[in-house]
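Quick look at upload_23.cif (mmCIF, C-alpha atoms):
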data_query
#
loop_
_atom_site.label_atom_id
_atom_site.label_comp_id
_atom_site.auth_asym_id
_atom_site.auth_seq_id
_atom_site.Cartn_x
_atom_site.Cartn_y
_atom_site.Cartn_z
CA MET C 1 -19.57 -18.24 -15.32
CA ALA C 2 -16.80 -20.05 -13.50
CA HIS C 3 -14.46 -18.13 -11.27
CA PRO C 4 -11.16 -18.35 -13.06
CA ALA C 5 -9.76 -15.58 -10.95
CA SER C 6 -10.43 -17.35 -7.70
CA GLN C 7 -7.33 -19.31 -8.68
CA ALA C 8 -4.00 -17.56 -8.38
CA PRO C 9 -3.03 -16.09 -11.74
CA PRO C 10 0.17 -17.46 -13.23
CA ALA C 11 3.32 -15.84 -11.98
CA SER C 12 4.67 -13.08 -14.16
CA ALA C 13 6.73 -14.39 -17.04
CA ALA C 14 9.07 -11.46 -16.69
CA GLY C 15 11.50 -13.02 -14.24
CA SER C 16 14.99 -13.68 -15.52
CA PRO C 17 16.11 -17.33 -15.54
CA GLY C 18 18.11 -16.91 -12.33
CA LEU C 19 16.00 -14.86 -9.98
CA PRO C 20 12.22 -15.09 -9.62
CA ALA C 21 10.29 -11.93 -10.53
CA TRP C 22 9.50 -11.05 -6.91
CA ALA C 23 13.23 -11.12 -5.95
CA LYS C 24 14.45 -9.13 -8.94
CA PHE C 25 11.70 -6.51 -8.86
CA GLY C 26 11.72 -6.42 -5.06
CA ALA C 27 15.44 -5.59 -5.07
CA ILE C 28 14.89 -2.85 -7.68
CA PHE C 29 11.97 -1.43 -5.66
CA GLY C 30 14.19 -1.45 -2.57
CA VAL C 31 16.77 0.68 -4.39
CA VAL C 32 13.99 3.01 -5.65
CA SER C 33 12.57 3.32 -2.12
CA ALA C 34 15.99 4.16 -0.61
CA LEU C 35 16.69 6.71 -3.39
CA SER C 36 13.27 8.21 -2.69
CA ILE C 37 14.26 8.78 0.96
CA LEU C 38 17.57 10.21 -0.28
CA THR C 39 16.04 12.66 -2.77
CA TRP C 40 12.63 13.83 -1.47
CA GLY C 41 11.02 11.57 1.10
CA PRO C 42 9.60 8.11 1.78
CA ILE C 43 6.93 6.86 -0.62
CA GLY C 44 3.37 7.10 0.65
CA VAL C 45 0.03 7.02 -1.10
CA SER C 46 -3.03 7.18 1.15
CA GLY C 47 -2.64 10.80 2.32
CA THR C 48 -3.31 11.97 -1.22
CA TYR C 49 -6.97 10.86 -0.93
CA PRO C 50 -7.89 13.35 1.84
CA ARG C 51 -5.71 16.02 0.19
CA PHE C 52 -7.83 15.51 -2.94
CA ILE C 53 -10.98 15.96 -0.80
CA GLY C 54 -9.36 19.10 0.62
CA ALA C 55 -8.69 20.50 -2.85
CA ILE C 56 -12.36 20.02 -3.82
CA PHE C 57 -13.62 21.55 -0.54
CA ARG C 58 -11.36 24.57 -0.88
CA ARG C 59 -12.82 25.20 -4.34
CA LEU C 60 -16.47 24.67 -3.42
CA THR C 61 -16.72 25.84 0.20
CA PRO C 62 -13.46 27.51 1.29
CA ASP C 63 -14.85 28.42 4.74
CA LEU C 64 -15.78 24.82 5.52
CA ALA C 65 -12.41 23.60 4.24
CA HIS C 66 -10.47 25.95 6.53
CA ALA C 67 -12.68 25.08 9.49
CA ASN C 68 -11.85 21.38 9.14
CA PRO C 69 -8.78 20.57 11.26
CA TYR C 70 -7.93 17.39 9.33
CA LEU C 71 -7.94 19.08 5.93
CA GLU C 72 -5.79 21.86 7.40
CA LYS C 73 -3.41 19.30 8.87
CA MET C 74 -3.04 17.40 5.58
CA GLY C 75 -2.31 20.57 3.64
CA SER C 76 -2.16 21.37 -0.06
CA PHE C 77 -2.88 18.92 -2.86
CA LEU C 78 0.24 20.21 -4.62
CA LYS C 79 2.63 17.91 -2.80
CA PRO C 80 5.20 15.48 -4.25
CA GLU C 81 2.93 12.60 -3.17
CA THR C 82 0.28 13.71 -5.67
CA PHE C 83 2.85 13.40 -8.44
CA LEU C 84 3.82 9.98 -7.09
CA MET C 85 0.18 8.98 -7.69
CA ILE C 86 0.26 10.32 -11.26
CA GLY C 87 3.46 8.30 -11.71
CA LEU C 88 1.69 5.13 -10.50
CA LEU C 89 -0.99 5.62 -13.14
CA ILE C 90 1.61 6.18 -15.88
CA GLY C 91 3.82 3.31 -14.65
CA GLY C 92 0.92 0.84 -14.64
CA PHE C 93 -0.17 1.98 -18.10
CA LEU C 94 3.34 1.79 -19.61
CA ALA C 95 4.26 -1.57 -18.07
CA ALA C 96 1.05 -3.16 -19.35
CA LYS C 97 1.42 -1.58 -22.81
CA LEU C 98 5.10 -2.46 -23.25
CA THR C 99 4.72 -6.07 -22.12
CA GLY C 100 1.37 -6.64 -23.85
CA ASP C 101 -0.35 -7.62 -20.59
CA LYS C 102 -4.13 -7.42 -20.90
CA ALA C 103 -5.82 -6.93 -17.54
CA ASP C 104 -9.45 -7.95 -17.07
CA ALA C 105 -11.77 -4.98 -16.65
CA ALA C 106 -13.31 -6.83 -13.69
CA GLU C 107 -11.19 -9.55 -12.11
CA TYR C 108 -13.31 -11.89 -10.00
CA ILE C 109 -11.54 -12.78 -6.76
CA HIS C 110 -14.17 -14.40 -4.53
CA PRO C 111 -16.76 -17.12 -5.31
CA SER C 112 -19.51 -14.71 -4.21
CA GLU C 113 -18.59 -12.31 -7.03
CA THR C 114 -21.01 -13.79 -9.55
CA SER C 115 -21.50 -10.63 -11.60
CA LYS C 116 -19.61 -7.50 -12.56
CA ALA C 117 -21.87 -5.50 -10.24
CA LYS C 118 -20.86 -7.69 -7.27
CA ARG C 119 -17.18 -7.38 -8.18
CA TYR C 120 -17.47 -3.60 -8.38
CA ARG C 121 -19.31 -3.58 -5.05
CA ASP C 122 -16.44 -5.47 -3.37
CA ALA C 123 -13.87 -3.19 -4.99
CA PHE C 124 -15.79 -0.10 -3.82
CA LEU C 125 -16.29 -1.32 -0.25
CA GLY C 126 -12.69 -2.54 -0.13
CA GLY C 127 -11.49 0.84 -1.40
CA PHE C 128 -13.54 2.62 1.26
CA LEU C 129 -12.10 0.48 4.08
CA ILE C 130 -8.45 0.59 2.97
CA VAL C 131 -8.38 4.38 2.77
CA PHE C 132 -10.44 4.86 5.95
CA GLY C 133 -8.23 2.38 7.83
CA ALA C 134 -5.04 3.83 6.40
CA ARG C 135 -6.03 7.32 7.52
CA ILE C 136 -6.75 6.12 11.09
CA ALA C 137 -3.26 4.60 11.15
CA GLY C 138 -1.60 7.47 9.28
CA GLY C 139 -0.37 5.42 6.32
CA CYS C 140 -1.00 2.44 4.08
CA THR C 141 0.95 -0.39 2.47
CA SER C 142 3.44 2.06 1.01
CA GLY C 143 3.74 4.64 3.80
CA HIS C 144 3.50 2.34 6.82
CA ILE C 145 4.62 -1.10 5.63
CA ILE C 146 7.19 -0.43 2.86
CA SER C 147 8.53 2.99 3.91
CA GLY C 148 7.74 2.53 7.59
CA ILE C 149 9.59 -0.73 8.17
CA THR C 150 12.35 0.41 5.76
CA GLN C 151 12.91 3.32 8.19
CA LEU C 152 12.70 0.87 11.14
CA SER C 153 9.59 2.51 12.53
CA VAL C 154 7.67 0.52 15.13
CA SER C 155 4.35 1.85 13.78
CA GLY C 156 4.99 0.12 10.44
CA LEU C 157 5.39 -3.26 12.14
CA ILE C 158 2.20 -2.80 14.20
CA PHE C 159 0.24 -1.71 11.13
CA ALA C 160 1.52 -4.71 9.11
CA ALA C 161 0.49 -7.09 11.90
CA GLY C 162 -3.04 -5.65 11.87
CA VAL C 163 -3.34 -5.72 8.07
CA PHE C 164 -2.25 -9.32 7.68
CA ALA C 165 -4.34 -10.52 10.63
CA THR C 166 -7.68 -9.37 9.20
CA GLY C 167 -6.53 -9.54 5.58
CA ILE C 168 -5.79 -13.27 5.80
CA ILE C 169 -8.99 -13.99 7.77
CA THR C 170 -11.15 -12.00 5.32
CA ALA C 171 -9.61 -13.52 2.17
CA LYS C 172 -9.91 -17.05 3.56
CA MET C 173 -13.51 -16.52 4.76
CA MET C 174 -14.54 -15.07 1.41
CA HIS C 175 -13.08 -18.15 -0.28
CA ARG C 176 -14.87 -20.65 1.92
CA GLY C 177 -17.10 -22.97 -0.08
CA ALA C 178 -15.18 -22.34 -3.28
CA HIS C 179 -14.39 -26.03 -3.66
CA SER C 180 -17.68 -27.45 -2.50
CA MET L 1 10.01 21.68 -7.69
CA THR L 2 12.79 19.11 -8.02
CA SER L 3 11.09 16.93 -5.40
CA ILE L 4 7.99 16.86 -7.62
CA ILE L 5 10.06 15.50 -10.52
CA TYR L 6 11.75 12.92 -8.27
CA ALA L 7 8.34 11.86 -6.92
CA LEU L 8 6.95 11.48 -10.45
CA ILE L 9 9.92 9.33 -11.54
CA VAL L 10 9.67 7.19 -8.38
CA GLY L 11 5.93 6.82 -9.04
CA VAL L 12 6.43 5.61 -12.61
CA ALA L 13 9.04 3.07 -11.48
CA MET L 14 6.88 1.94 -8.56
CA GLY L 15 3.81 1.61 -10.79
CA ALA L 16 5.68 -0.46 -13.36
CA LEU L 17 7.20 -2.73 -10.68
CA ILE L 18 3.79 -3.26 -9.03
CA GLN L 19 2.34 -4.19 -12.43
CA ARG L 20 5.21 -6.58 -13.22
CA VAL L 21 4.82 -8.59 -9.98
CA ARG L 22 1.03 -8.58 -10.48
CA ALA L 23 0.44 -6.76 -7.19
CA SER L 24 -2.15 -4.69 -9.06
CA SER L 25 -4.11 -7.89 -9.76
CA PRO L 26 -6.75 -8.24 -7.03
CA ALA L 27 -6.90 -12.00 -7.65
CA MET L 28 -3.15 -12.19 -7.01
CA ILE L 29 -3.56 -10.20 -3.77
CA ALA L 30 -6.38 -12.52 -2.68
CA ALA L 31 -4.17 -15.56 -3.42
CA ASN L 32 -1.40 -13.99 -1.31
CA LEU L 33 -3.74 -13.31 1.60
CA ARG L 34 -5.06 -16.88 1.40
CA LEU L 35 -1.37 -17.85 1.61
CA GLU L 36 -1.62 -19.92 -1.56
CA ASN L 37 0.92 -17.84 -3.44
CA ILE L 38 3.00 -15.44 -1.37
CA SER L 39 5.02 -13.89 -4.22
CA VAL L 40 3.74 -10.35 -3.54
CA ILE L 41 4.48 -10.70 0.20
CA LYS L 42 8.00 -11.86 -0.76
CA PHE L 43 8.31 -8.90 -3.13
CA MET L 44 7.39 -6.51 -0.29
CA ALA L 45 9.78 -8.13 2.17
CA THR L 46 12.63 -7.99 -0.37
CA THR L 47 11.86 -4.31 -1.04
CA ILE L 48 11.94 -3.52 2.67
CA ALA L 49 15.18 -5.48 3.25
CA VAL L 50 17.10 -3.87 0.37
CA GLY L 51 15.62 -0.43 1.07
CA ALA L 52 16.42 -0.50 4.80
CA ILE L 53 20.01 -1.64 4.32
CA LEU L 54 20.67 0.86 1.51
CA ALA L 55 18.94 3.83 3.19
CA TYR L 56 20.75 3.39 6.52
CA VAL L 57 24.13 2.64 4.91
CA ILE L 58 23.82 5.84 2.83
CA ALA L 59 22.73 7.69 6.00
CA ALA L 60 25.79 6.35 7.85
CA PHE L 61 27.99 8.04 5.24
CA ILE L 62 26.18 11.34 4.61
CA GLY L 63 24.29 11.72 7.93
CA MET L 64 20.62 11.23 8.85
CA ASP L 65 19.89 14.95 8.36
CA ALA L 66 21.03 14.87 4.74
CA MET L 67 18.35 12.26 4.03
CA HIS L 68 14.58 12.79 4.00
CA PHE L 69 13.58 10.25 6.64
CA ASP L 70 10.02 10.77 7.90
CA ILE L 71 9.09 8.42 10.75
CA LYS L 72 5.36 8.06 11.42
CA PRO L 73 4.28 8.27 15.08
CA THR L 74 3.49 5.05 16.94
CA TYR L 75 0.06 5.63 18.47
CA VAL L 76 -0.48 1.95 19.16
CA VAL L 77 -4.29 1.78 19.37
CA GLY L 78 -4.98 3.86 16.25
CA VAL L 79 -2.23 2.25 14.17
CA LEU L 80 -3.42 -1.26 15.05
CA LEU L 81 -7.11 -0.39 14.61
CA GLY L 82 -6.35 1.23 11.25
CA GLY L 83 -4.41 -1.86 10.17
CA LEU L 84 -7.29 -4.15 11.17
CA VAL L 85 -9.81 -2.05 9.21
CA PHE L 86 -7.41 -1.84 6.27
CA GLY L 87 -6.95 -5.63 6.26
CA VAL L 88 -10.70 -6.26 5.89
CA GLY L 89 -10.83 -3.93 2.89
CA PHE L 90 -7.64 -5.45 1.46
CA GLY L 91 -9.07 -8.98 1.68
CA LEU L 92 -12.48 -7.90 0.36
CA GLY L 93 -11.43 -5.81 -2.65
CA GLY L 94 -7.88 -7.03 -3.32
CA TYR L 95 -6.53 -3.51 -3.73
CA CYS L 96 -4.31 -1.08 -1.78
CA PRO L 97 -4.65 2.70 -2.11
CA GLY L 98 -1.72 2.60 -4.56
CA THR L 99 -2.27 -0.65 -6.46
CA CYS L 100 -5.77 0.46 -7.54
CA VAL L 101 -4.17 3.50 -9.20
CA VAL L 102 -1.72 1.19 -11.00
CA GLY L 103 -4.65 -1.06 -11.93
CA ALA L 104 -6.54 1.93 -13.32
CA GLY L 105 -3.51 2.66 -15.51
CA GLU L 106 -3.71 -0.92 -16.77
CA GLY L 107 -7.36 -0.45 -17.71
CA ARG L 108 -9.04 -2.26 -14.82
CA LYS L 109 -12.57 -0.99 -14.23
CA ASP L 110 -12.86 -2.52 -10.75
CA ALA L 111 -9.79 -0.44 -9.82
CA LEU L 112 -11.77 2.71 -10.63
CA TRP L 113 -14.47 1.54 -8.20
CA ALA L 114 -11.80 0.97 -5.55
CA ILE L 115 -10.44 4.50 -6.10
CA LEU L 116 -13.97 5.91 -5.84
CA GLY L 117 -14.48 3.94 -2.63
CA GLY L 118 -11.21 5.40 -1.34
CA VAL L 119 -12.29 8.95 -2.14
CA VAL L 120 -15.63 8.42 -0.37
CA GLY L 121 -13.76 6.82 2.57
CA ALA L 122 -11.44 9.83 2.78
CA PHE L 123 -14.48 12.15 2.72
CA PHE L 124 -16.13 10.40 5.68
CA PHE L 125 -12.81 10.22 7.51
CA THR L 126 -12.40 13.98 7.12
CA LEU L 127 -15.82 14.52 8.72
CA LEU L 128 -15.18 12.09 11.59
CA PHE L 129 -11.56 12.93 12.38
CA SER L 130 -11.91 15.52 15.15
CA SER L 131 -14.79 13.89 17.01
CA VAL L 132 -13.98 10.17 16.69
CA ILE L 133 -10.48 9.47 15.38
CA ALA L 134 -8.30 12.10 17.06
CA PRO L 135 -9.22 10.96 20.62
CA ILE L 136 -8.40 7.32 19.68
CA ASN L 137 -5.06 8.37 18.25
CA LYS L 138 -4.09 10.02 21.56
CA LEU L 139 -4.09 6.61 23.26
CA MET L 140 -0.70 4.95 23.82
CA ASP L 141 1.10 7.47 21.64
CA TYR L 142 4.86 6.83 21.77
CA GLY L 143 5.68 9.40 19.08
CA LYS L 144 8.30 8.72 16.42
CA LEU L 145 9.57 5.42 17.72
CA THR L 146 12.08 3.29 15.81
CA LEU L 147 13.31 -0.26 16.29
CA ASP L 148 16.90 0.83 16.95
CA GLN L 149 15.69 3.09 19.80
CA VAL L 150 13.72 0.19 21.32
CA LEU L 151 16.69 -2.16 21.06
CA GLY L 152 19.28 0.47 21.99
CA LEU L 153 21.46 -0.48 19.04
CA PRO L 154 22.94 1.52 16.14
CA ALA L 155 20.36 2.04 13.36
CA VAL L 156 22.60 0.82 10.54
CA GLY L 157 23.23 -2.43 12.41
CA VAL L 158 19.51 -2.97 13.06
CA ALA L 159 18.73 -2.21 9.40
CA ILE L 160 21.27 -4.77 8.19
CA GLY L 161 20.06 -7.34 10.76
CA LEU L 162 16.39 -6.82 9.82
CA GLY L 163 17.26 -6.98 6.13
CA VAL L 164 19.17 -10.22 6.49
CA ILE L 165 16.35 -11.81 8.55
CA PHE L 166 13.69 -10.73 6.03
CA LEU L 167 15.71 -12.03 3.07
CA GLY L 168 16.52 -15.29 4.87
CA VAL L 169 12.88 -16.01 5.77
CA VAL L 170 11.67 -15.08 2.29
CA TYR L 171 14.18 -17.33 0.53
CA MET L 172 13.40 -20.28 2.79
CA LEU L 173 9.61 -20.15 2.43
CA PRO L 174 7.99 -21.76 -0.63
CA THR L 175 6.31 -19.23 -2.94
CA GLU L 176 3.41 -21.42 -3.97
CA VAL L 177 1.48 -23.80 -1.78
CA LYS L 178 -0.52 -26.36 -3.69
CA LYS L 179 -4.11 -26.50 -2.54
CA HIS L 180 -5.82 -29.87 -2.22
CA SER L 181 -9.17 -29.33 -3.85
#
Write the structure described by the file as C-alpha cells, please.
Amino acid sequence: MAHPASQAPPASAAGSPGLPAWAKFGAIFGVVSALSILTWGPIGVSGTYPRFIGAIFRRLTPDLAHANPYLEKMGSFLKPETFLMIGLLIGGFLAAKLTGDKADAAEYIHPSETSKAKRYRDAFLGGFLIVFGARIAGGCTSGHIISGITQLSVSGLIFAAGVFATGIITAKMMHRGAHS
Amino acid sequence: MTSIIYALIVGVAMGALIQRVRASSPAMIAANLRLENISVIKFMATTIAVGAILAYVIAAFIGMDAMHFDIKPTYVVGVLLGGLVFGVGFGLGGYCPGTCVVGAGEGRKDALWAILGGVVGAFFFTLLFSSVIAPINKLMDYGKLTLDQVLGLPAVGVAIGLGVIFLGVVYMLPTEVKKHS
C-alpha cells in the first residue's frame, strides 16, 4: 500500500472565500480561549490524564492513592478540565458528522508505517511521550502553548521552543527516504 | 457547577475548531512539523494573538482578579525537558493530548491508541514523580513568571505587541511549501 497520508491532506474546504480556515477558526478559538479565562480558567488538557489515574487508584487501592504525592497534588477527577475533555470528544464527533468528514481509522503518517499495527504502535508510543513530557513540564499544547503564551507566561514560550525543536527533527527524520 | 458547564461548552467549541482545521489529523500535524504545510501552526499563533489581546484588554477593564488567569511556573529545566520529550512524541504519533480525544470523537482508531499511550504515560509519571521528576523541577525555578514582568512593561501593552507580531509573522509566511520530490 502506498502512503497517501505521508502527503499533507488537502486544506479544509470550510474556509470562507475571504479568510483561510486557519485565520477564521484561529480567531474564533482566540475568542473562546479568552472567554474561558474570563469564565472559569485557561484551557488545559494533559492534567486530566493523571487525574484519571488518580480516580482509578482511589477506587482500587485508596491507601496507595493517598500515599502518592503527585495524585494528591493533582486532586479530584471532578474538575472542569475533565468536562473540557468530554467536550472535545463531542466537538470532534459533531464537527465530523455535520460536515460529512470521514476520518481514516488509521491515518498513515510516516513511510515506516507499513501496516495498521505499526501505525497504532507509533500512536501509542507518541501518546505515551506527549503525556509524560507534558506532565514533566506541567502542561501541553493547550495549557502551556495556547493558554500559557496567551497569558504571557515565560514557561509557555520555553515549552513551545522545546516541542518544535524535537517535533520538527522527529517528523523530518521519520520522513527521510520517503521519496527515494 | 457553572464552571463545569462553561468548560463543557468551551470543550465542544475547541473540539469542533480542532476538527475543522484538521489539527486532529496526525498526517496534517506531521506535515506541519515537516514545515510543508504550516496551517495548524498559523491557527495556533492566531488563537494566541487574538486570545492574548482580548484577555488582557478585558482584564484592563474589569481587573486581573475578576478573571481566572492561572500562570504556570517557569522551572526552566523541567519545562524545556518536558517540551523536548513531548516534541518527540508529537512528531512520532502526530497527536497532542487533546487532539487525540477530538480524533477519537471523529472515529479514528489510532487516536484511541494515542489516548491509551497517554494513560499509560500518566501512570508511569505518577510512579516516578517524587523520586525523579520533582528534583528536576526544582532546578532554575522562577515561579509564575510573565513576559510583562521580564520586560517591565504593562501587560496589556505586551499582549497587544505580542499579538500584532504573531499575526504579522503568520500573515507574511506562506502556508504551503511545495516539496521537490
Picked residues, the PyMOL selection byres ((chain C and resi 146-163) around 6), expected as a list in words: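 So the PyMOL selection byres ((chain C and resi 146-163) around 6), applied here, picks out Pro42, Ser142, Gly143, His144, Ile145, Phe164, Ala165, Thr166 and Gly167 of chain C; Ile48, Gly51, Ala52, Thr74, Val79, Leu80, Gly83, Leu84, Phe86, Gly87, Leu145, Thr146 and Leu147 of chain L.
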Near Ala27 of chain C, within 6 Å and counting all atoms listed in the file, which residues show up once chain neighbours fewer than 5 positions away are dropped, as a PyMOL selection string? chain L and resi 46-47+50
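Nearest residue to chain L among C:Met74, C:Leu19, C:Leu98, C:Ile136 is C:Ile136, counting only C-alpha atoms.
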I would like the residues chosen by the PyMOL selection byres ((chain C and resi 102) around 12) on the shown file; could you give them as JSON, numbers by chain? {"C": [92, 93, 94, 95, 96, 97, 98, 99, 100, 101, 103, 104, 105, 106, 107], "L": [19, 22, 25, 103, 105, 106, 107, 108]}
Quick check on the file I pasted: which residues fall under the PyMOL selection byres ((chain C and resi 35) around 10)? Write them as a CSV table (one decimal) with C-alpha atoms, in the frame of the given file.
chain,number,residue,atom,x,y,z
C,29,PHE,CA,12.0,-1.4,-5.7
C,30,GLY,CA,14.2,-1.4,-2.6
C,31,VAL,CA,16.8,0.7,-4.4
C,32,VAL,CA,14.0,3.0,-5.6
C,33,SER,CA,12.6,3.3,-2.1
C,34,ALA,CA,16.0,4.2,-0.6
C,36,SER,CA,13.3,8.2,-2.7
C,37,ILE,CA,14.3,8.8,1.0
C,38,LEU,CA,17.6,10.2,-0.3
C,39,THR,CA,16.0,12.7,-2.8
C,40,TRP,CA,12.6,13.8,-1.5
C,41,GLY,CA,11.0,11.6,1.1
C,42,PRO,CA,9.6,8.1,1.8
L,6,TYR,CA,11.8,12.9,-8.3
L,10,VAL,CA,9.7,7.2,-8.4
L,51,GLY,CA,15.6,-0.4,1.1
L,54,LEU,CA,20.7,0.9,1.5
L,55,ALA,CA,18.9,3.8,3.2
L,58,ILE,CA,23.8,5.8,2.8
L,67,MET,CA,18.4,12.3,4.0
L,68,HIS,CA,14.6,12.8,4.0
Within 9 Å of Val164 of chain L, counting all atoms listed in the file, which residues show up once you throw out same-chain ones fewer than 5 positions away? Write them as a PyMOL selection string, please. chain L and resi 49+53+159+169
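Across the structure, atom CA of Gly82 of chain L and atom CA of Asn32 of chain L are spaced 20.3 Å apart.
Our summary of the geometry notes that atom CA of Tyr108 of chain C is positioned 17.5 Å from atom CA of Val102 of chain L.
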Residue neighbourhood segment 126-134 of chain C, 10 Å, all atoms listed in the file, exclusion window fewer than 6 positions, as number ranges by chain: C: 45-50, 120, 140-141, 143-144, 159, 163; L: 78-97, 100, 111-126
What separates atom CA of Ala16 of chain L and atom CA of Ile90 of chain C is a distance of 8.2 Å
For Gly168 of chain L, which of L:Pro135, L:Ser130, L:Lys42, L:Gly11 is the closest residue, counting only C-alpha atoms?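 Looking only at the distances to Gly168 of chain L, the closest residue turns out to be L:Lys42.
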For chain L, the nearest of the candidates C:Phe77, C:Trp22, C:Phe57, C:Phe52, counting only C-alpha atoms: C:Trp22
I need every residue sitting at most 12 Å from the point (3.2, 14.6, 19.0) (coordinates as in the file, all atoms listed in the file considered), written as a VMD selection string. chain L and resid 71 to 75 134 137 to 145
I need the chosen residues saved as a CSV table (one decimal), in the frame of the given file, with C-alpha atoms.
chain,number,residue,atom,x,y,z
L,71,ILE,CA,9.1,8.4,10.8
L,72,LYS,CA,5.4,8.1,11.4
L,73,PRO,CA,4.3,8.3,15.1
L,74,THR,CA,3.5,5.0,16.9
L,75,TYR,CA,0.1,5.6,18.5
L,134,ALA,CA,-8.3,12.1,17.1
L,137,ASN,CA,-5.1,8.4,18.2
L,138,LYS,CA,-4.1,10.0,21.6
L,139,LEU,CA,-4.1,6.6,23.3
L,140,MET,CA,-0.7,5.0,23.8
L,141,ASP,CA,1.1,7.5,21.6
L,142,TYR,CA,4.9,6.8,21.8
L,143,GLY,CA,5.7,9.4,19.1
L,144,LYS,CA,8.3,8.7,16.4
L,145,LEU,CA,9.6,5.4,17.7
Here is a test: counting all atoms listed in the file, which residue of L:Val21, L:Ile160, L:Ala13, L:Val177 is nearest to Phe43 of chain L?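 Closest candidate: L:Val21.
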Using all atoms listed in the file, which residue out of L:Leu33, L:Val76, L:Thr99, L:Val57 lies closest to Leu17 of chain L? L:Thr99
From the list C:Pro20, C:Gly87, C:Arg119, C:Glu72, which residue is nearest chain L when using only C-alpha atoms? C:Gly87
